[in-house]
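A quick write-up on the structure given underneath.
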Amino acid sequence: MTIETPSRTAASAGSAEGPRRKRGIRLSGAYYLMVLPAFVLFFVFHTVPVIQGVYYSFTDSPGYGPADFVGLRNYVALFTDPRVLHAYWFTFLIAAVATIAVNIVSLAIAVGLNGRIKFKNGLRGIYFIPNVLAILVVGYIFNYLFSNSLPALAAKLGIDSLSTSLLTKASTAWIAIVILAVWQSAAFNIIIYIAGLQTVPTEMYEAADLDGASAWRRFRSITFPMIAGFFTINMVLSLKGFLQIFDHIVALTGGGPGTDTESVALLIYKGGFQGGEYGYQSANSVIFFIVIVGFSIVQLRVLRRREVEV
């Protein structure tokens, strides 16, 4: 019978830890090997094009052939180009209105779907359908509705203001774009809000019922403060998505009438790939990227501060 001394025990423990450490190192190497293909693909197809785009923003490249270095000339010209300024103004208008509208609609529907109603799961699936449909296909359907079905129905009902297509005037075309954008984007926001509503303890609602609180009071004092984090996520993602609005406009107006409904993304595409302004629109892309990042950071900080106050 042998008695293990503390030194022998420590030595055996140390020898046991040795293989573990070596085995851990080998596992870490395996992890790096698994991540490496994704990193290479991301670097080649994302990071490299971004760097190339920044380089071309300092040239007069038409998208093909040789290009001359022009320094900051493209960036200076952007701030005096009326078409570019109008595109930014229109994009901000669409993004602001659609972000507010989609969160109001989504939150209202999510509260309803979270209640005690029949066919709850089926309705949740139905409301999520717009998120999986191709926006261009849906956009052309809405184009037909706005251009033909709605005017025909309005003419029969005697509503003169809607008897012509909403897409023929700049003053109404943006409303049609917002309607399509909200309809398509609400599905994803509803899912996030439903996930947030399910985290609210039912005991809080039961206590509020005992106190005789109204439905609005329960929403204002319990529901909304408890899902403030989910509201922040939806607001940031919605604004970022609507600032990059593209397919909706292509399907409904194509940027018309004229260039009145051109978004920044559509202008970059038209000018860069169809108008021979590759270098100029690359500079526009860099500015637009900075604008989106800036808006997201400011919005996130403001809403997080609001979460603490609530």
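Order determines the names: the first chain of the structure tokens is A, the second B, and so forth; residues in each chain are numbered 1 upward, and ligands are numbered 1 upward as they are shown.
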inquiry  = Please list as a ChimeraX atom specification every residue within 8 Å of Phe230 in chain A, counting only C-alpha atoms and excluding residues in the same chain fewer than 3 positions away.
reply    = /A:192-193,196,227,233-234
request  = Using DSSP on the backbone coordinates, identify all residues within range 153-275 of chain A classified as helix (DSSP H, G or I); present the result as a PyMOL selection string.
outcome  = chain A and resi 153-157+160-162+166-168+170-197+202-210+215-226+228-243+247-252+264-274
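Using only C-alpha atoms, the shortest contact distance between Tyr56 in chain A and any of A:Ser285, A:Gln299, A:Ser263, A:Ser185 is found at A:Ser285.
With CA of Glu277 in chain A on one side and CA of Ala67 in chain A on the other, the separation reads 11.4 Å.
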task = Considering only C-alpha atoms, state which residue in the set A:Val50, A:Val40, A:Leu180, A:Leu145 is at the smallest distance from Thr164 in chain A.
result =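 Of A:Val50, A:Val40, A:Leu180, A:Leu145, the one nearest Thr164 in chain A, counting only C-alpha atoms, is A:Leu145.
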inquiry  = Ranking A:Leu85, A:Leu113, A:Ile94, A:Met34 by minimum distance to Val178 in chain A and counting only C-alpha atoms, which one comes first?
reply    =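 Among the listed residues, the smallest separation from Val178 in chain A belongs to A:Ile94.
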Contacts of Phe246 in chain A at 9 Å (only C-alpha atoms; same-chain gap of 6+ positions) as number ranges by chain = A: 262-266
